[in-house]
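With TSV, C-alpha atoms inside, this is final-v2.tsv:
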```tsv
chain	number	residue	atom	x	y	z
A	208	ALA	CA	0.00	0.00	0.00
A	209	GLY	CA	2.84	2.36	0.86
A	210	LEU	CA	4.51	1.86	-2.54
A	211	LEU	CA	1.21	2.51	-4.30
A	212	VAL	CA	0.87	5.80	-2.45
A	213	TYR	CA	4.43	6.71	-3.42
A	214	LEU	CA	3.47	5.92	-7.02
A	215	CYS	CA	0.72	8.55	-6.83
A	216	VAL	CA	3.24	11.13	-5.62
A	217	PHE	CA	5.63	10.14	-8.40
A	218	LEU	CA	2.90	10.55	-11.03
A	219	ALA	CA	2.22	14.01	-9.63
A	220	LEU	CA	5.93	14.77	-10.03
A	221	VAL	CA	5.83	13.56	-13.65
A	222	ARG	CA	2.80	15.74	-14.36
A	223	GLU	CA	4.53	18.75	-12.82
A	224	SER	CA	7.68	18.14	-14.88
A	225	VAL	CA	5.65	17.94	-18.10
A	226	PHE	CA	3.97	21.24	-17.21
A	227	ARG	CA	7.31	22.89	-16.50
A	228	GLN	CA	8.76	21.58	-19.76
A	229	ARG	CA	5.87	22.93	-21.81
A	230	HIS	CA	6.29	26.36	-20.22
A	231	ALA	CA	10.10	26.36	-20.44
A	232	MET	CA	10.48	26.34	-16.65
A	233	LEU	CA	12.99	23.49	-16.35
A	234	PRO	CA	16.45	24.38	-14.99
A	235	THR	CA	18.99	25.15	-17.70
A	236	SER	CA	21.81	23.22	-16.03
A	237	THR	CA	21.42	20.16	-13.79
A	238	PRO	CA	24.80	18.45	-13.43
A	239	LEU	CA	24.41	15.00	-11.91
A	240	TRP	CA	28.00	15.02	-10.66
A	241	GLY	CA	29.67	17.78	-8.70
A	242	PRO	CA	32.53	18.35	-6.27
A	243	LEU	CA	32.30	16.40	-3.03
A	244	ASP	CA	32.25	18.37	0.18
A	245	SER	CA	32.27	17.38	3.83
A	246	GLU	CA	28.84	18.82	4.59
A	247	GLY	CA	27.22	16.99	1.70
A	248	LEU	CA	28.84	13.68	2.59
A	249	SER	CA	27.76	14.04	6.23
A	250	ALA	CA	24.15	14.67	5.26
A	251	TRP	CA	24.32	11.79	2.76
A	252	PHE	CA	25.58	9.36	5.41
A	253	GLY	CA	22.83	10.23	7.88
A	254	ILE	CA	20.04	10.06	5.29
A	255	VAL	CA	21.23	6.79	3.75
A	256	SER	CA	21.67	5.21	7.19
A	257	PHE	CA	18.16	6.30	8.14
A	258	ALA	CA	16.64	4.97	4.91
A	259	PHE	CA	18.40	1.62	4.57
A	260	CYS	CA	19.44	0.55	8.07
A	261	GLY	CA	16.41	-1.61	8.84
A	262	LEU	CA	18.10	-4.00	11.27
A	263	PRO	CA	15.75	-3.36	14.24
A	264	ILE	CA	12.69	-3.82	12.05
A	265	ALA	CA	14.22	-6.85	10.35
A	266	LEU	CA	14.69	-8.53	13.72
A	267	SER	CA	11.04	-7.97	14.60
A	268	VAL	CA	9.92	-9.28	11.21
A	269	HIS	CA	12.26	-12.28	11.53
A	270	GLU	CA	10.57	-13.36	14.76
A	271	GLU	CA	7.14	-13.40	13.07
A	272	MET	CA	8.12	-15.12	9.80
A	273	GLU	CA	6.91	-18.61	8.97
A	274	ARG	CA	10.21	-19.26	7.15
A	275	PRO	CA	12.87	-17.26	9.02
A	276	GLN	CA	15.59	-18.65	6.76
A	277	ASP	CA	14.28	-16.37	3.98
A	278	ILE	CA	15.02	-13.18	5.90
A	279	VAL	CA	18.09	-12.39	3.77
A	280	LYS	CA	16.09	-12.65	0.53
A	281	VAL	CA	13.30	-10.52	1.99
A	282	ALA	CA	15.74	-7.88	3.20
A	283	CYS	CA	17.59	-7.75	-0.14
A	284	CYS	CA	14.37	-7.45	-2.16
A	285	SER	CA	12.96	-4.80	0.18
A	286	ASN	CA	16.13	-2.70	0.06
A	287	ALA	CA	16.34	-3.04	-3.72
A	288	CYS	CA	12.74	-1.85	-4.18
A	289	THR	CA	13.27	0.98	-1.72
A	290	TRP	CA	16.46	2.10	-3.44
A	291	LEU	CA	14.73	2.06	-6.84
A	292	VAL	CA	11.89	4.25	-5.58
A	293	PHE	CA	14.25	6.69	-3.86
A	294	ALA	CA	16.57	6.85	-6.89
A	295	LEU	CA	13.68	7.59	-9.25
A	296	PHE	CA	12.32	10.32	-7.00
A	297	ALA	CA	15.74	11.91	-6.45
A	298	THR	CA	16.83	11.85	-10.10
A	299	PHE	CA	13.49	12.95	-11.53
A	300	GLY	CA	13.02	15.66	-8.91
A	301	TYR	CA	16.52	17.06	-9.41
A	302	LEU	CA	16.18	17.10	-13.20
A	303	CYS	CA	12.88	18.93	-12.77
A	304	TYR	CA	13.87	21.53	-10.14
A	305	GLY	CA	17.67	21.56	-10.08
A	306	ASP	CA	19.27	23.28	-7.11
A	307	GLU	CA	15.83	24.48	-5.96
A	308	THR	CA	14.73	20.91	-5.16
A	309	ALA	CA	13.18	20.92	-1.69
A	310	ASP	CA	14.01	18.44	1.08
A	311	VAL	CA	10.51	16.98	0.66
A	312	ILE	CA	9.68	16.92	-3.04
A	313	TYR	CA	6.00	17.88	-2.80
A	314	ARG	CA	7.04	21.26	-1.37
A	315	ASN	CA	8.14	22.17	-4.90
A	316	PHE	CA	4.59	21.71	-6.16
A	317	PRO	CA	2.57	24.97	-6.44
A	318	ALA	CA	0.89	25.95	-3.18
A	319	GLY	CA	-2.78	24.98	-3.12
A	320	SER	CA	-2.49	22.73	-6.17
A	321	TYR	CA	-4.08	19.31	-6.37
A	322	GLU	CA	-0.63	17.76	-6.69
A	323	ARG	CA	0.65	19.29	-3.46
A	324	SER	CA	-2.52	18.60	-1.49
A	325	GLY	CA	-2.68	15.05	-2.83
A	326	ALA	CA	0.99	14.43	-2.03
A	327	GLN	CA	0.50	15.66	1.53
A	328	ALA	CA	-2.48	13.35	1.91
A	329	ALA	CA	-0.47	10.46	0.44
A	330	ILE	CA	2.45	10.99	2.82
A	331	SER	CA	-0.01	11.08	5.71
A	332	VAL	CA	-1.43	7.74	4.59
A	333	ILE	CA	2.08	6.26	4.37
A	334	LEU	CA	2.91	7.39	7.91
A	335	LEU	CA	-0.42	6.11	9.18
A	336	LEU	CA	0.20	2.65	7.70
A	337	SER	CA	3.89	2.32	8.62
A	338	TYR	CA	4.29	4.27	11.86
A	339	SER	CA	3.40	1.39	14.15
A	340	MET	CA	5.96	-0.84	12.40
A	341	GLN	CA	8.65	1.82	12.69
A	342	LEU	CA	8.02	2.22	16.42
A	343	MET	CA	7.68	-1.48	17.20
A	344	PRO	CA	11.33	-1.93	18.32
A	345	VAL	CA	10.99	1.12	20.58
A	346	TRP	CA	7.77	-0.17	22.10
A	347	ASN	CA	9.25	-3.62	22.64
A	348	CYS	CA	12.20	-2.07	24.49
A	349	ILE	CA	9.96	0.13	26.65
A	350	GLU	CA	7.59	-2.71	27.53
A	351	ALA	CA	10.52	-4.99	28.37
A	352	ARG	CA	11.81	-2.44	30.88
A	353	LEU	CA	8.55	-1.10	32.31
A	354	GLY	CA	6.32	-4.16	32.02
A	355	ASP	CA	2.59	-3.49	32.37
A	356	SER	CA	2.96	-0.41	34.58
A	357	PRO	CA	1.78	1.87	33.14
A	358	HIS	CA	-0.53	0.15	30.67
A	359	TRP	CA	0.93	-0.50	27.20
A	360	LEU	CA	-1.59	1.90	25.66
A	361	VAL	CA	-0.29	4.72	27.86
A	362	GLN	CA	3.30	3.86	26.98
A	363	ARG	CA	2.67	3.87	23.26
A	364	THR	CA	0.55	7.03	23.37
A	365	ALA	CA	3.30	8.85	25.26
A	366	THR	CA	5.86	7.69	22.69
A	367	VAL	CA	3.79	8.97	19.78
A	368	ILE	CA	3.24	12.32	21.53
A	369	LEU	CA	6.99	12.60	22.16
A	370	THR	CA	7.74	12.06	18.47
A	371	CYS	CA	5.21	14.76	17.58
A	372	VAL	CA	6.90	17.18	20.01
A	373	ILE	CA	10.31	16.44	18.48
A	374	ALA	CA	8.91	17.01	14.99
A	375	ALA	CA	7.52	20.40	16.10
A	376	VAL	CA	10.79	21.44	17.76
A	377	VAL	CA	12.94	20.35	14.77
A	378	PRO	CA	10.93	21.41	11.70
A	379	SER	CA	13.73	20.65	9.20
A	380	THR	CA	13.10	17.22	7.73
A	381	LEU	CA	16.65	16.98	6.37
A	382	VAL	CA	18.26	17.75	9.73
A	383	LEU	CA	15.97	15.40	11.64
A	384	ILE	CA	16.52	12.47	9.27
A	385	ALA	CA	20.28	13.04	9.05
A	386	VAL	CA	20.79	13.26	12.81
A	387	THR	CA	18.46	10.33	13.52
A	388	GLY	CA	20.20	8.23	10.91
A	389	ALA	CA	23.63	9.15	12.21
A	390	LEU	CA	22.76	8.35	15.82
A	391	ALA	CA	20.31	5.46	15.76
A	392	ALA	CA	20.87	3.82	12.38
A	393	ALA	CA	24.65	4.04	12.42
A	394	LEU	CA	24.72	2.65	15.94
A	395	SER	CA	22.38	-0.27	15.18
A	396	GLY	CA	23.65	-0.96	11.67
A	397	PHE	CA	27.40	-0.37	11.95
A	398	VAL	CA	28.67	-0.24	15.53
A	399	LEU	CA	26.57	-2.76	17.46
A	400	PRO	CA	26.66	-5.62	14.89
A	401	ALA	CA	30.44	-5.43	14.69
A	402	LEU	CA	30.85	-5.26	18.48
A	403	VAL	CA	28.40	-8.08	19.17
A	404	TYR	CA	30.03	-10.33	16.59
A	405	MET	CA	33.56	-9.70	17.83
A	406	LEU	CA	32.56	-10.27	21.46
A	407	SER	CA	30.53	-13.41	20.74
A	408	GLU	CA	32.90	-15.03	18.23
A	409	PRO	CA	35.69	-16.87	20.10
A	410	CYS	CA	38.16	-17.05	17.20
A	411	PRO	CA	37.32	-14.49	14.49
A	412	SER	CA	39.34	-14.66	11.30
A	413	ALA	CA	41.57	-11.85	10.09
A	414	CYS	CA	39.03	-10.91	7.41
A	415	ASP	CA	36.28	-10.74	10.03
A	416	CYS	CA	38.41	-8.50	12.24
A	417	ILE	CA	39.13	-6.17	9.33
A	418	ALA	CA	35.46	-6.05	8.31
A	419	ALA	CA	34.38	-5.35	11.90
A	420	ALA	CA	36.99	-2.61	12.26
A	421	CYS	CA	35.83	-1.00	9.01
A	422	LEU	CA	32.19	-1.09	10.16
A	423	LEU	CA	33.09	0.44	13.52
A	424	ALA	CA	35.16	3.16	11.89
A	425	ALA	CA	32.51	3.95	9.26
A	426	GLY	CA	29.73	4.16	11.85
A	427	ALA	CA	31.69	6.22	14.36
A	428	ILE	CA	33.22	8.65	11.86
A	429	GLY	CA	30.02	9.05	9.86
A	430	ALA	CA	27.91	9.68	12.96
A	431	ALA	CA	30.41	12.13	14.42
A	432	LYS	CA	30.73	14.19	11.22
A	433	THR	CA	26.97	14.29	10.67
A	434	ILE	CA	26.25	15.51	14.20
A	435	VAL	CA	29.15	17.96	14.36
```

Go ahead and render the structure in this file as structure tokens.
Amino acid sequence: AGLLVYLCVFLALVRESVFRQRHAMLPTSTPLWGPLDSEGLSAWFGIVSFAFCGLPIALSVHEEMERPQDIVKVACCSNACTWLVFALFATFGYLCYGDETADVIYRNFPAGSYERSGAQAAISVILLLSYSMQLMPVWNCIEARLGDSPHWLVQRTATVILTCVIAAVVPSTLVLIAVTGALAAALSGFVLPALVYMLSEPCPSACDCIAAACLLAAGAIGAAKTIV
């Protein structure tokens, strides 16, 4: 359902690009490659970590699967589909708006237009359908520590309210995603897996040690540069 909603937003982007092309409103120069800078790489690391580091969710899904041995195939297919959608949005949006491309693509649509209003409604539907899945690892951790006091409904309601407060305090989507990805995703996807493996494996090979060290370094350096 979420991908179908994204498809509606993408079709709105295509319609907007056709309109801009007919009225000669497309950017004159949209280079796909440019000089790398530290700020851009830091933002890229946080956003990519946030988007593709699904280890906490994968663990929850793994526990509920009828065939847990297929988790690698499921994760690879899910990440491939997600990357394809993100790549299409990013490339098409940049070719359409150039350097004026907004952090959230529907903000480039004309204010009050059907495309913008429909995209906002579509994003709301996506969040409504996926929010409980995204927060499931957090809820499991809270319930494991607090038990049934207070009631699980109170715990989950308080968590949702807290996320709403954070969203109101940090209105920049780019900053919020980058920092969240650098802190949470880098920790769960780079640092913790390497540490847990090295501590639990009695005799790791040289290749495993090098891979673990690279993961630790990538997670620590990427998180530090994104936050700083």

Task: Contact residues around Ala391 of chain A with all atoms listed in the file at 10 Å, ignoring same-chain residues under 2 positions, as number ranges by chain - done: A: 253, 256-257, 260, 386-389, 393-397, 430

Open item on the list: Using only C-alpha atoms, can you tell me which of A:Leu369, A:Leu335, A:Leu406, A:Val221 comes closest to Leu295 of chain A?
Closed with: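 Counting only C-alpha atoms, the residue closest to Leu295 of chain A is A:Val221.
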
Task: Given only C-alpha atoms as the counted atoms, nearest of A:Gly247, A:Gly305, A:Gly325, A:Pro317 to Leu218 of chain A - done: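 Using only C-alpha atoms, Leu218 of chain A sits closest to A:Gly325.
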
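Nearest residue to Ala265 of chain A among A:Thr308, A:Gln341, A:Gln327, A:Ser379 is A:Gln341, counting all atoms listed in the file.
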
Open item on the list: Applying 10 Å and all atoms listed in the file, which residues near segment 225-232 of chain A remain after dropping the ones on its own chain fewer than 5 positions away? List them as a ChimeraX atom specification.
Closed with: /A:219-220,303-304

Open item on the list: One number please: atom CA of Ile384 of chain A to atom CA of Trp251 of chain A, in Å, one decimal.
Closed with: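 Straight-line distance from atom CA of Ile384 of chain A to atom CA of Trp251 of chain A works out to 10.2 Å.
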
Coords for segment 276-373 of chain A, C-alpha atoms, as a PDB file, in the first residue's frame:
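The file below, out-v9.pdb, is the result:
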```pdb
ATOM      1  CA  GLN A 276      15.590 -18.651   6.761  1.00  0.00           C
ATOM      2  CA  ASP A 277      14.280 -16.373   3.980  1.00  0.00           C
ATOM      3  CA  ILE A 278      15.018 -13.178   5.901  1.00  0.00           C
ATOM      4  CA  VAL A 279      18.095 -12.395   3.770  1.00  0.00           C
ATOM      5  CA  LYS A 280      16.086 -12.647   0.527  1.00  0.00           C
ATOM      6  CA  VAL A 281      13.300 -10.519   1.988  1.00  0.00           C
ATOM      7  CA  ALA A 282      15.742  -7.877   3.201  1.00  0.00           C
ATOM      8  CA  CYS A 283      17.588  -7.749  -0.138  1.00  0.00           C
ATOM      9  CA  CYS A 284      14.374  -7.453  -2.164  1.00  0.00           C
ATOM     10  CA  SER A 285      12.963  -4.800   0.182  1.00  0.00           C
ATOM     11  CA  ASN A 286      16.130  -2.701   0.064  1.00  0.00           C
ATOM     12  CA  ALA A 287      16.340  -3.039  -3.724  1.00  0.00           C
ATOM     13  CA  CYS A 288      12.744  -1.855  -4.181  1.00  0.00           C
ATOM     14  CA  THR A 289      13.269   0.977  -1.715  1.00  0.00           C
ATOM     15  CA  TRP A 290      16.460   2.104  -3.442  1.00  0.00           C
ATOM     16  CA  LEU A 291      14.728   2.055  -6.836  1.00  0.00           C
ATOM     17  CA  VAL A 292      11.893   4.250  -5.583  1.00  0.00           C
ATOM     18  CA  PHE A 293      14.248   6.686  -3.862  1.00  0.00           C
ATOM     19  CA  ALA A 294      16.573   6.850  -6.891  1.00  0.00           C
ATOM     20  CA  LEU A 295      13.678   7.593  -9.253  1.00  0.00           C
ATOM     21  CA  PHE A 296      12.325  10.321  -6.997  1.00  0.00           C
ATOM     22  CA  ALA A 297      15.743  11.910  -6.448  1.00  0.00           C
ATOM     23  CA  THR A 298      16.827  11.852 -10.095  1.00  0.00           C
ATOM     24  CA  PHE A 299      13.494  12.948 -11.530  1.00  0.00           C
ATOM     25  CA  GLY A 300      13.021  15.660  -8.909  1.00  0.00           C
ATOM     26  CA  TYR A 301      16.518  17.057  -9.411  1.00  0.00           C
ATOM     27  CA  LEU A 302      16.184  17.103 -13.195  1.00  0.00           C
ATOM     28  CA  CYS A 303      12.882  18.932 -12.767  1.00  0.00           C
ATOM     29  CA  TYR A 304      13.869  21.532 -10.140  1.00  0.00           C
ATOM     30  CA  GLY A 305      17.674  21.560 -10.085  1.00  0.00           C
ATOM     31  CA  ASP A 306      19.271  23.283  -7.108  1.00  0.00           C
ATOM     32  CA  GLU A 307      15.830  24.477  -5.963  1.00  0.00           C
ATOM     33  CA  THR A 308      14.731  20.908  -5.163  1.00  0.00           C
ATOM     34  CA  ALA A 309      13.179  20.917  -1.686  1.00  0.00           C
ATOM     35  CA  ASP A 310      14.011  18.437   1.079  1.00  0.00           C
ATOM     36  CA  VAL A 311      10.505  16.985   0.658  1.00  0.00           C
ATOM     37  CA  ILE A 312       9.678  16.922  -3.042  1.00  0.00           C
ATOM     38  CA  TYR A 313       6.004  17.876  -2.800  1.00  0.00           C
ATOM     39  CA  ARG A 314       7.035  21.258  -1.369  1.00  0.00           C
ATOM     40  CA  ASN A 315       8.145  22.170  -4.897  1.00  0.00           C
ATOM     41  CA  PHE A 316       4.590  21.715  -6.165  1.00  0.00           C
ATOM     42  CA  PRO A 317       2.570  24.966  -6.444  1.00  0.00           C
ATOM     43  CA  ALA A 318       0.888  25.947  -3.181  1.00  0.00           C
ATOM     44  CA  GLY A 319      -2.781  24.977  -3.120  1.00  0.00           C
ATOM     45  CA  SER A 320      -2.490  22.726  -6.172  1.00  0.00           C
ATOM     46  CA  TYR A 321      -4.084  19.311  -6.368  1.00  0.00           C
ATOM     47  CA  GLU A 322      -0.625  17.758  -6.693  1.00  0.00           C
ATOM     48  CA  ARG A 323       0.648  19.288  -3.456  1.00  0.00           C
ATOM     49  CA  SER A 324      -2.516  18.601  -1.487  1.00  0.00           C
ATOM     50  CA  GLY A 325      -2.680  15.049  -2.830  1.00  0.00           C
ATOM     51  CA  ALA A 326       0.994  14.427  -2.029  1.00  0.00           C
ATOM     52  CA  GLN A 327       0.503  15.662   1.528  1.00  0.00           C
ATOM     53  CA  ALA A 328      -2.476  13.350   1.913  1.00  0.00           C
ATOM     54  CA  ALA A 329      -0.474  10.459   0.436  1.00  0.00           C
ATOM     55  CA  ILE A 330       2.454  10.991   2.821  1.00  0.00           C
ATOM     56  CA  SER A 331      -0.006  11.085   5.714  1.00  0.00           C
ATOM     57  CA  VAL A 332      -1.432   7.741   4.594  1.00  0.00           C
ATOM     58  CA  ILE A 333       2.076   6.261   4.370  1.00  0.00           C
ATOM     59  CA  LEU A 334       2.907   7.391   7.905  1.00  0.00           C
ATOM     60  CA  LEU A 335      -0.419   6.113   9.175  1.00  0.00           C
ATOM     61  CA  LEU A 336       0.203   2.652   7.700  1.00  0.00           C
ATOM     62  CA  SER A 337       3.889   2.322   8.616  1.00  0.00           C
ATOM     63  CA  TYR A 338       4.286   4.275  11.862  1.00  0.00           C
ATOM     64  CA  SER A 339       3.403   1.393  14.147  1.00  0.00           C
ATOM     65  CA  MET A 340       5.962  -0.841  12.397  1.00  0.00           C
ATOM     66  CA  GLN A 341       8.654   1.816  12.691  1.00  0.00           C
ATOM     67  CA  LEU A 342       8.022   2.224  16.423  1.00  0.00           C
ATOM     68  CA  MET A 343       7.677  -1.476  17.203  1.00  0.00           C
ATOM     69  CA  PRO A 344      11.329  -1.927  18.316  1.00  0.00           C
ATOM     70  CA  VAL A 345      10.991   1.117  20.582  1.00  0.00           C
ATOM     71  CA  TRP A 346       7.769  -0.172  22.097  1.00  0.00           C
ATOM     72  CA  ASN A 347       9.254  -3.623  22.643  1.00  0.00           C
ATOM     73  CA  CYS A 348      12.200  -2.073  24.494  1.00  0.00           C
ATOM     74  CA  ILE A 349       9.961   0.129  26.648  1.00  0.00           C
ATOM     75  CA  GLU A 350       7.586  -2.707  27.534  1.00  0.00           C
ATOM     76  CA  ALA A 351      10.520  -4.990  28.375  1.00  0.00           C
ATOM     77  CA  ARG A 352      11.809  -2.436  30.880  1.00  0.00           C
ATOM     78  CA  LEU A 353       8.546  -1.099  32.314  1.00  0.00           C
ATOM     79  CA  GLY A 354       6.317  -4.162  32.025  1.00  0.00           C
ATOM     80  CA  ASP A 355       2.586  -3.490  32.375  1.00  0.00           C
ATOM     81  CA  SER A 356       2.957  -0.415  34.577  1.00  0.00           C
ATOM     82  CA  PRO A 357       1.775   1.871  33.139  1.00  0.00           C
ATOM     83  CA  HIS A 358      -0.532   0.151  30.666  1.00  0.00           C
ATOM     84  CA  TRP A 359       0.931  -0.498  27.202  1.00  0.00           C
ATOM     85  CA  LEU A 360      -1.591   1.899  25.664  1.00  0.00           C
ATOM     86  CA  VAL A 361      -0.288   4.722  27.865  1.00  0.00           C
ATOM     87  CA  GLN A 362       3.304   3.864  26.976  1.00  0.00           C
ATOM     88  CA  ARG A 363       2.665   3.874  23.257  1.00  0.00           C
ATOM     89  CA  THR A 364       0.553   7.030  23.366  1.00  0.00           C
ATOM     90  CA  ALA A 365       3.296   8.849  25.257  1.00  0.00           C
ATOM     91  CA  THR A 366       5.858   7.691  22.690  1.00  0.00           C
ATOM     92  CA  VAL A 367       3.794   8.970  19.779  1.00  0.00           C
ATOM     93  CA  ILE A 368       3.244  12.322  21.530  1.00  0.00           C
ATOM     94  CA  LEU A 369       6.989  12.603  22.161  1.00  0.00           C
ATOM     95  CA  THR A 370       7.739  12.059  18.468  1.00  0.00           C
ATOM     96  CA  CYS A 371       5.209  14.760  17.584  1.00  0.00           C
ATOM     97  CA  VAL A 372       6.902  17.179  20.006  1.00  0.00           C
ATOM     98  CA  ILE A 373      10.309  16.442  18.482  1.00  0.00           C
TER      99      ILE A 373
END
```
